[in-house]
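S.K.: This is the structure I have questions about; it appears just below.
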Amino acid sequence: MSQENVRVVATAIEVFNRRDIPALVDLSQTDLEIVSALTAANLGGSTYRGVAHAWTEYFAAMNETWERWGIENADLRDAGDDRVACLCCLVGQGKQSGVPVERAVGIIFRLKDRKLWRIRSYLDPTEALQAAGLSE
């Protein structure tokens with residue numbers, strides 16, 4: 001089942017980059033929770049709950065700060081216990097500044113019944129690996 005979870009996350013990243021909210025909703029549990037270190041202007045983070053609103057609110061928050069943005073070079077690792085660690089690069093362009101941004105981040109995806117259930121991003125990829133019980 002772990003490779004199946006990795007495939008679910010790979011698909012989620014693909015549709016995430018396309019901004020396909022209906023597909024993300026289909027891939028998510030109804031009680032989805034996203035804890036993002038990336039959406040607050042001060043990088044203080046924000047939490048989004050409930051599949052009906054989480055993806056829409058998350059995308060709206062990202063669009064406030066970023067002109068364009070997405071995930072590239074996703075290195076997905078099975079972390080056991082229905083968890084997948086993702087080491088990746090957030091790429092984008094600041095909305096106000098126009099400055100291109102490339103930042104290494106880590107994301108832990110927890111799945112329930114092969115659907116996204118808990119997602120937490122980390123500004124430090126090593127911290128994400130540690131949270132998943134993995135090492136470099």
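Here's how to read the names in the structure tokens: chain A, B, ... by the order shown, residue numbers from 1 in each chain, ligand numbers from 1 in the order shown.
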Per residue of stretch 44-90 of chain A within 12 Å of stretch 18-23 of chain A, note the shortest atom pair and the distance in Å to one decimal, counting only C-alpha atoms, and order the rows by chain and increasing residue number, as CSV.
M.R.:
```
residue,atom,partner,partner_atom,distance
A:Val51,CA,A:Ile21,CA,9.9
A:Ala52,CA,A:Pro22,CA,9.8
A:His53,CA,A:Ile21,CA,10.1
A:Ala54,CA,A:Ile21,CA,9.9
A:Trp55,CA,A:Ile21,CA,6.5
A:Thr56,CA,A:Ile21,CA,7.1
A:Glu57,CA,A:Ile21,CA,10.7
A:Tyr58,CA,A:Ile21,CA,10.4
A:Phe59,CA,A:Arg19,CA,8.0
A:Ala60,CA,A:Arg19,CA,10.9
A:Met62,CA,A:Arg19,CA,11.4
A:Asn63,CA,A:Arg19,CA,11.1
A:Arg68,CA,A:Arg19,CA,11.0
A:Trp69,CA,A:Arg19,CA,10.2
A:Gly70,CA,A:Arg18,CA,8.7
A:Ile71,CA,A:Arg18,CA,10.4
```
S.K.: Hey, what's within 12 Å of A:Leu111 if we count only C-alpha atoms and toss same-chain stuff fewer than 2 positions away? As JSON, numbers by chain, please?
M.R.: {"A": [1, 2, 4, 5, 6, 7, 8, 9, 12, 27, 28, 29, 30, 31, 32, 33, 78, 79, 80, 81, 82, 83, 84, 85, 108, 109, 113, 114, 115, 116, 117, 118, 119, 120]}
S.K.: Mind writing the picked residues with C-alpha atoms as a CSV table (one decimal), in the first residue's frame?
M.R.:
```
chain,number,residue,atom,x,y,z
A,1,MET,CA,0.0,0.0,0.0
A,2,SER,CA,2.9,2.4,0.6
A,4,GLU,CA,0.1,3.3,-3.7
A,5,ASN,CA,0.3,6.2,-1.3
A,6,VAL,CA,3.3,7.6,-3.1
A,7,ARG,CA,1.3,7.4,-6.4
A,8,VAL,CA,-1.6,9.3,-4.8
A,9,VAL,CA,0.8,12.1,-3.6
A,12,ALA,CA,-1.9,15.3,-6.0
A,27,LEU,CA,-8.1,13.0,-3.7
A,28,SER,CA,-8.8,14.3,-0.2
A,29,GLN,CA,-10.7,13.2,2.9
A,30,THR,CA,-13.6,15.4,3.9
A,31,ASP,CA,-11.8,16.3,7.1
A,32,LEU,CA,-8.6,17.4,5.3
A,33,GLU,CA,-6.2,19.6,7.2
A,78,ASP,CA,7.5,6.4,1.7
A,79,ALA,CA,7.7,7.1,5.5
A,80,GLY,CA,5.4,4.2,6.6
A,81,ASP,CA,2.2,4.6,8.7
A,82,ASP,CA,0.4,6.0,5.6
A,83,ARG,CA,2.9,8.9,5.4
A,84,VAL,CA,4.8,10.3,2.4
A,85,ALA,CA,7.6,12.8,2.7
A,108,ILE,CA,4.6,15.5,4.9
A,109,PHE,CA,1.4,14.0,3.6
A,113,ASP,CA,-7.9,5.2,3.1
A,114,ARG,CA,-5.6,6.2,0.2
A,115,LYS,CA,-6.8,9.9,0.3
A,116,LEU,CA,-5.0,13.0,1.5
A,117,TRP,CA,-5.8,13.6,5.2
A,118,ARG,CA,-3.1,15.8,6.8
A,119,ILE,CA,-0.6,17.9,4.9
A,120,ARG,CA,2.1,19.9,6.7
```
S.K.: Run DSSP on the backbone and grab whatever in stretch 6-135 of chain A lands in strand (DSSP E or B); send it over as number ranges by chain.
M.R.: A: 28-36, 46-49, 66-80, 83-94, 100-112, 115-122
S.K.: Please compute the atom CA of A:Gly50-atom CA of A:Lys112 distance, one decimal, in Å.
M.R.: 14.3 Å
S.K.: Could you give me, as a VMD selection string, the residues within 12 Å of A:Leu129, counting only C-alpha atoms and dropping anything in the same chain fewer than 3 positions from it?
M.R.: chain A and resid 75 to 79 83 to 88 105 to 109 120 to 126 132 to 136
S.K.: Those selected residues, please, written with C-alpha atoms and delivered as a CSV table (one decimal), in the first residue's frame.
M.R.:
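Result file part-v1.csv:
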```
chain,number,residue,atom,x,y,z
A,75,ASP,CA,11.4,13.6,-4.3
A,76,LEU,CA,8.7,11.4,-2.7
A,77,ARG,CA,9.7,9.0,0.0
A,78,ASP,CA,7.5,6.4,1.7
A,79,ALA,CA,7.7,7.1,5.5
A,83,ARG,CA,2.9,8.9,5.4
A,84,VAL,CA,4.8,10.3,2.4
A,85,ALA,CA,7.6,12.8,2.7
A,86,CYS,CA,8.1,15.1,-0.1
A,87,LEU,CA,11.4,17.1,-0.6
A,88,CYS,CA,10.8,19.6,-3.3
A,105,VAL,CA,10.8,22.9,1.3
A,106,GLY,CA,9.6,19.7,2.8
A,107,ILE,CA,6.0,18.4,3.0
A,108,ILE,CA,4.6,15.5,4.9
A,109,PHE,CA,1.4,14.0,3.6
A,120,ARG,CA,2.1,19.9,6.7
A,121,SER,CA,4.8,22.0,5.0
A,122,TYR,CA,8.2,22.9,6.5
A,123,LEU,CA,10.5,25.6,5.4
A,124,ASP,CA,13.4,23.3,6.3
A,125,PRO,CA,13.4,20.0,4.3
A,126,THR,CA,15.5,18.3,7.0
A,132,ALA,CA,8.5,11.7,9.3
A,133,GLY,CA,11.1,9.7,11.1
A,134,LEU,CA,13.4,9.6,8.1
A,135,SER,CA,16.9,10.9,7.5
A,136,GLU,CA,18.8,12.4,4.6
```
S.K.: Report, in Å to a single decimal, how far apart atom CA of A:Gln96 and atom CA of A:Val35 are.
M.R.: 24.3 Å
S.K.: Have a look at atom CA of A:Ala37 and atom CA of A:Val91 and let me know their distance in Å, one decimal.
M.R.: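 If I compute the distance from atom CA of A:Ala37 to atom CA of A:Val91, I get 14.8 Å.
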S.K.: A:Leu24, A:Ala61, A:Ile34, A:Val15: which is nearest A:Arg49, counting only C-alpha atoms?
M.R.: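 Among the listed residues, the smallest separation from A:Arg49 belongs to A:Ile34.
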